[in-house]
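Undergrad: Take this structure first; my questions come after.
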Amino acid sequence: MFTGIFKRKKTQKETPSPLDIQQICNFWGIPVEEAKPLGKCYSLEEAGKKLLMTGAISEETYLAGISNLHGIPYALLEEEEISPVSLQIDPYILRSKKFVPFRETDGEIHVATANPRDLYALEYLYRVTGKKLSLFVSTEERVESAINKLFGKQKQETDTDLEIDDSNIETLIDLASEAPVIRLVNMIISRAVENNASDIHIEPFEKEVKVRYRIDGVLREVDSLPKKLLPAVTSRIKIMARLDIANRRTPQDGRTKIKVGGREVDIRVATLPTIYGEQVVMRLLDKEKSEWDVDRIGLSPEEKDLFLNLISASHGMILVTGPTGSGKTTTLYSALKVLNKEEVKIITIEDPVEYVIPGIIQIQVNPQAGLTFASGLRSIVRQDPDIIMVGEIRDKETADIAIHAALTGHLVLSTLHTNDAPSAITRLTDMGIDSFLVASSVIGIVAQRLVRVICPNCREEVTLPEDVKKRFNFSGPAFRGKGCEICKYSGYTGRTAIYEILIVDDDIRKAVTSSADSESIKKIAVSKGMKTLMESGLEKVRKGITTLEEVMRVAYRV
């Protein structure tokens, strides 16, 4: 796709300690006296920029050094003809991303950039043009000057000038309908899908708008947009999600559906007013990548047997617990896939319906129309179902109806937000449900977390310190991902789940009825063989699936 971009020298992650002054001097060819005023520098590129600003090195020397660092040629852009391709791109994007197409040959575009690490800008240009790109490095000043030749010098606007009249709805609609804004939003979404992101965060701050993706459960900043584009970008997303673009003072929720590379992706959109403008979070639900299979959600053979025995019960309540984004819905859908048979009637009530499952009746919560979890569940019970799935138990009314459904011959599956399995019992009693009803209805609780999987391409064995081994009763080798281009130097690709499965037997029921706290219930369950989240995670560390650091991040409790 690009010429020159992937020929760079592989670079290691930058060390947090400052560079040695002699190293800076040797690379840039300057005496030590000229390097002393620089202060601490953490990269040769940072040192070069400071030296250029102080006049210690020439602009051409700086560019030659940066060219050597990244393994790509440099361009001075003095006599170059600026490519008309630039006219297809919003000048705000060119200026914020610091790149400009400057020469066009047969089927190839030469691109000058002041930020050669930003491959996303080049990906965007490739999508716009569909042509091969050859990358050159240049300075910010020269790139800006080249852009000014094409679009005219950007006027020095005051803060007031930068504000768009967002009280005018027609103006917002016009802005959101402009081709550059549509392309920008489409690029943000398609790039997130290609990077297997689960969420997109568009976050306004005083002088900029940050774009971050949640990839494998961890947020990564991937872009920065001019503040002036925020009203247009948020309005475009609101139009896509059928939200009220005039309402900027209260949170809104909506959804839309797009196709990226032939794949259909559902997007849940949530807006939130902040002091610097509206924040937008988009949850991406890629139907083609959903895995509703008990063999692929991370259960060990022992945990799988427990889980299958649990969901084979004729009646009772099974709860799946964990924080937002821990894979609870995937686990429930995997259970429904096993239970979905011709002779069984299954009805779900969800907010929202994330995936459509053939053969199952699914209901979308609609509070504006009076259809809540509680009211919907009350009606579902009268529809003669065998199995009921409630997306989430949020209040006493929903919990009360679900428990009575479980006591009257239905198998009820639902979720709760708790830290571990025993805490789900005390959560229900805290809602106001009588302890004897909880003890009679709940038959099992599954707590879970998602941990990142070590990249198989750069997986290597490591030796853990003896005190760490002793602390976690850990023996045998451990592994980590060294970091490579495939995993974007994170050491991880993809995620799997760790589980804590509590089976409610007679001893647990007695403890619940006597109002025992979660710690007491946990001790009883562990004495009967329950594997905690931490133990489940350590098992995956021993198998080389994930790292100890990752398990401690999501499951360790002091």
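Following the order of the structure tokens, chains are lettered A, B, ..., residues in each are numbered from 1, and ligands are numbered from 1.
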Need to verify the contact set: stretch 496-513 of chain A, 9 Å, only C-alpha atoms, exclusion of same-chain residues closer than 4 positions in sequence. Can you return it as number ranges by chain?
TA: A: 296-300, 303, 306-307, 310, 326-327, 420-422, 425-426, 434-440, 442-453, 517, 520-522, 524-526, 530-537, 540, 545-546, 551, 555
Undergrad: Can you list, as a list in words, every protein, DNA or RNA residue that comes within 10 Å of A:Phe472 when you count only C-alpha atoms, leaving out same-chain residues fewer than 3 positions away?
TA: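 Close residues of A:Phe472: Asp467, Val468, Lys469, Ser475, Met534, Glu535, Leu538 and Leu548 of chain A.
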Undergrad: Save out the residues we just selected, N, CA and C atoms, as a PDB file, in the first residue's frame.
TA:
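Here's the written file result_5.pdb:
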ATOM      1  N   ASP A 467      10.460 -13.948  45.050  1.00  0.00           N
ATOM      2  CA  ASP A 467       9.448 -13.474  45.985  1.00  0.00           C
ATOM      3  C   ASP A 467       8.061 -13.460  45.349  1.00  0.00           C
ATOM      4  N   VAL A 468       8.005 -13.200  44.036  1.00  0.00           N
ATOM      5  CA  VAL A 468       6.724 -13.229  43.330  1.00  0.00           C
ATOM      6  C   VAL A 468       6.203 -14.661  43.233  1.00  0.00           C
ATOM      7  N   LYS A 469       7.104 -15.598  42.916  1.00  0.00           N
ATOM      8  CA  LYS A 469       6.707 -17.011  42.840  1.00  0.00           C
ATOM      9  C   LYS A 469       6.155 -17.492  44.170  1.00  0.00           C
ATOM     10  N   SER A 475       4.974 -21.953  40.217  1.00  0.00           N
ATOM     11  CA  SER A 475       6.151 -22.698  39.801  1.00  0.00           C
ATOM     12  C   SER A 475       6.108 -22.885  38.287  1.00  0.00           C
ATOM     13  N   MET A 534      -8.552 -15.057  40.668  1.00  0.00           N
ATOM     14  CA  MET A 534      -7.093 -15.008  40.676  1.00  0.00           C
ATOM     15  C   MET A 534      -6.512 -16.371  40.340  1.00  0.00           C
ATOM     16  N   GLU A 535      -7.089 -17.431  40.901  1.00  0.00           N
ATOM     17  CA  GLU A 535      -6.598 -18.785  40.629  1.00  0.00           C
ATOM     18  C   GLU A 535      -6.832 -19.177  39.170  1.00  0.00           C
ATOM     19  N   LEU A 538      -4.136 -17.381  37.229  1.00  0.00           N
ATOM     20  CA  LEU A 538      -2.815 -17.992  37.386  1.00  0.00           C
ATOM     21  C   LEU A 538      -2.689 -19.266  36.565  1.00  0.00           C
ATOM     22  N   LEU A 548       1.293 -12.630  34.241  1.00  0.00           N
ATOM     23  CA  LEU A 548       0.926 -12.389  35.633  1.00  0.00           C
ATOM     24  C   LEU A 548       0.511 -10.942  35.833  1.00  0.00           C
TER      25      LEU A 548
END
Undergrad: Just checking: using only C-alpha atoms, which residue out of A:Glu278, A:Glu206, A:Glu397, A:Asp199 ends up closest to A:Leu219?
TA: A:Asp199
Undergrad: Just list the residues in stretch 159-270 of chain A DSSP gives helix (DSSP H, G or I) on the backbone, as a PyMOL selection string.
TA: chain A and resi 159-162+169-176+179-194+227-240
Undergrad: Rounded to one decimal, what separation in Å do you get between atom CA of A:Val280 and atom CA of A:Arg236?
TA: 11.3 Å
Undergrad: Rounded to one decimal, what separation in Å do you get between atom CA of A:Ile401 and atom CA of A:Gln364?
TA: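 Rounded to one decimal, the two atoms are 17.8 Å apart.
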Undergrad: Counting only C-alpha atoms, which residue out of A:Val265, A:Leu377, A:Ile215, A:Leu413 sits closest to A:Tyr355?
TA: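 Going through A:Val265, A:Leu377, A:Ile215, A:Leu413 one by one, the smallest distance to A:Tyr355 is for A:Val265.
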Undergrad: Name the residues in contact with A:Ser96 at a cut-off of 12 Å, using only C-alpha atoms, excluding same-chain residues fewer than 4 positions from it; report them as a tab-separated table (two decimals) with N, CA and C atoms, in the first residue's frame.
TA:
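Written out: selection-v4.tsv:
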chain	number	residue	atom	x	y	z
A	89	ILE	N	-8.85	16.87	0.60
A	89	ILE	CA	-8.73	16.67	2.04
A	89	ILE	C	-8.97	17.98	2.76
A	90	ASP	N	-9.68	17.92	3.87
A	90	ASP	CA	-9.94	19.10	4.67
A	90	ASP	C	-8.60	19.68	5.14
A	91	PRO	N	-8.36	20.99	4.93
A	91	PRO	CA	-7.09	21.58	5.35
A	91	PRO	C	-6.83	21.46	6.84
A	92	TYR	N	-7.90	21.39	7.65
A	92	TYR	CA	-7.72	21.20	9.09
A	92	TYR	C	-7.08	19.85	9.39
A	100	VAL	N	1.31	16.55	3.80
A	100	VAL	CA	0.81	17.15	2.57
A	100	VAL	C	1.30	16.35	1.37
A	113	THR	N	5.67	14.52	5.50
A	113	THR	CA	5.06	14.53	6.82
A	113	THR	C	6.07	14.99	7.86
A	114	ALA	N	5.58	15.72	8.85
A	114	ALA	CA	6.42	16.12	9.97
A	114	ALA	C	6.27	15.14	11.13
A	115	ASN	N	5.43	14.12	10.94
A	115	ASN	CA	5.20	13.13	12.00
A	115	ASN	C	5.20	11.74	11.37
A	118	ASP	N	3.01	8.64	12.46
A	118	ASP	CA	1.55	8.63	12.34
A	118	ASP	C	1.13	7.96	11.03
A	121	ALA	N	-2.66	8.72	9.43
A	121	ALA	CA	-2.90	9.79	8.47
A	121	ALA	C	-2.69	9.29	7.05
A	140	GLU	N	7.80	20.76	10.29
A	140	GLU	CA	6.45	21.28	10.45
A	140	GLU	C	6.29	22.59	9.69
A	143	VAL	N	5.96	21.89	5.90
A	143	VAL	CA	4.66	21.28	5.59
A	143	VAL	C	3.56	22.34	5.67
A	144	GLU	N	3.60	23.16	6.72
A	144	GLU	CA	2.61	24.22	6.88
A	144	GLU	C	2.68	25.21	5.73
A	147	ILE	N	1.06	23.75	2.66
A	147	ILE	CA	-0.41	23.76	2.77
A	147	ILE	C	-0.94	25.17	2.51
A	208	GLU	N	-8.09	20.94	22.18
A	208	GLU	CA	-8.07	19.86	21.19
A	208	GLU	C	-9.15	18.83	21.50
A	209	VAL	N	-9.35	17.94	20.57
A	209	VAL	CA	-10.29	16.82	20.74
A	209	VAL	C	-9.51	15.53	20.55
A	210	LYS	N	-9.44	14.73	21.59
A	210	LYS	CA	-8.70	13.47	21.50
A	210	LYS	C	-9.61	12.35	21.01
A	223	ASP	N	-5.48	9.71	17.78
A	223	ASP	CA	-5.65	10.89	16.94
A	223	ASP	C	-5.93	12.11	17.81
A	224	SER	N	-5.74	13.28	17.20
A	224	SER	CA	-6.07	14.55	17.84
A	224	SER	C	-6.68	15.45	16.77
A	225	LEU	N	-7.87	15.95	17.02
A	225	LEU	CA	-8.58	16.76	16.05
A	225	LEU	C	-8.61	18.23	16.48
A	226	PRO	N	-8.67	19.15	15.53
A	226	PRO	CA	-8.84	20.57	15.89
A	226	PRO	C	-10.16	20.77	16.65
A	227	LYS	N	-10.13	21.62	17.65
A	227	LYS	CA	-11.33	21.85	18.46
A	227	LYS	C	-12.50	22.34	17.61
A	228	LYS	N	-12.17	23.08	16.54
A	228	LYS	CA	-13.22	23.65	15.71
A	228	LYS	C	-14.08	22.58	15.03
A	229	LEU	N	-13.54	21.38	14.87
A	229	LEU	CA	-14.28	20.32	14.18
A	229	LEU	C	-15.27	19.60	15.10
Undergrad: Give me the residues near A:Cys487 as a PyMOL selection string, where near means some atom within 10 Å (using only C-alpha atoms) and where sequence neighbours in that chain fewer than 3 positions away do not count.
TA: chain A and resi 454-458+481-484+490-494
Undergrad: Quick one: residues within 7 Å of stretch 383-394 of chain A, only C-alpha atoms, excluding same-chain residues fewer than 4 positions away - as a PyMOL selection string?
TA: chain A and resi 344-351+379+398-399+410-416
Undergrad: Those same residues, written as a compact mmCIF listing (two decimals), in the first residue's frame with C-alpha atoms?
TA:
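The resulting file, part_3.txt, is reproduced below:
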# COMPACT_ATOMS: atom_id res chain seq x y z
CA VAL A 344 -37.63 -24.99 24.20
CA LYS A 345 -39.08 -21.47 24.16
CA ILE A 346 -36.56 -18.75 25.03
CA ILE A 347 -37.43 -15.06 25.47
CA THR A 348 -34.91 -12.33 26.22
CA ILE A 349 -35.29 -8.71 27.28
CA GLU A 350 -32.20 -6.60 26.67
CA ASP A 351 -30.96 -3.03 26.58
CA SER A 379 -45.33 -9.73 30.49
CA THR A 398 -36.78 -6.42 38.28
CA ALA A 399 -34.95 -8.65 40.78
CA HIS A 410 -38.41 -21.05 34.72
CA LEU A 411 -34.67 -20.99 34.11
CA VAL A 412 -33.66 -17.34 34.42
CA LEU A 413 -30.31 -15.99 33.18
CA SER A 414 -29.20 -12.47 34.02
CA THR A 415 -26.27 -10.19 34.89
CA LEU A 416 -25.23 -8.07 37.85
Undergrad: Enumerate, as a CSV table (one decimal) with C-alpha atoms, in the first residue's frame, the complete set of residues in stretch 284-335 of chain A that a backbone-based DSSP assignment places in strand (DSSP E).
TA:
chain,number,residue,atom,x,y,z
A,284,LEU,CA,-18.7,-1.3,18.2
A,285,LEU,CA,-20.5,-4.7,17.9
A,286,ASP,CA,-19.0,-6.6,15.0
A,316,GLY,CA,-33.6,-21.5,39.0
A,317,MET,CA,-31.6,-18.3,38.5
A,318,ILE,CA,-28.1,-18.1,37.1
A,319,LEU,CA,-26.2,-14.8,37.4
A,320,VAL,CA,-23.2,-13.6,35.4
A,321,THR,CA,-21.3,-10.8,37.2
Undergrad: So that I can see what lies close to stretch 238-255 of chain A, please list as a PyMOL selection string the residues with an atom at most 7 Å from it, counting only C-alpha atoms and leaving out residues fewer than 2 positions away in the same chain.
TA: chain A and resi 169+234-236+267-273+278
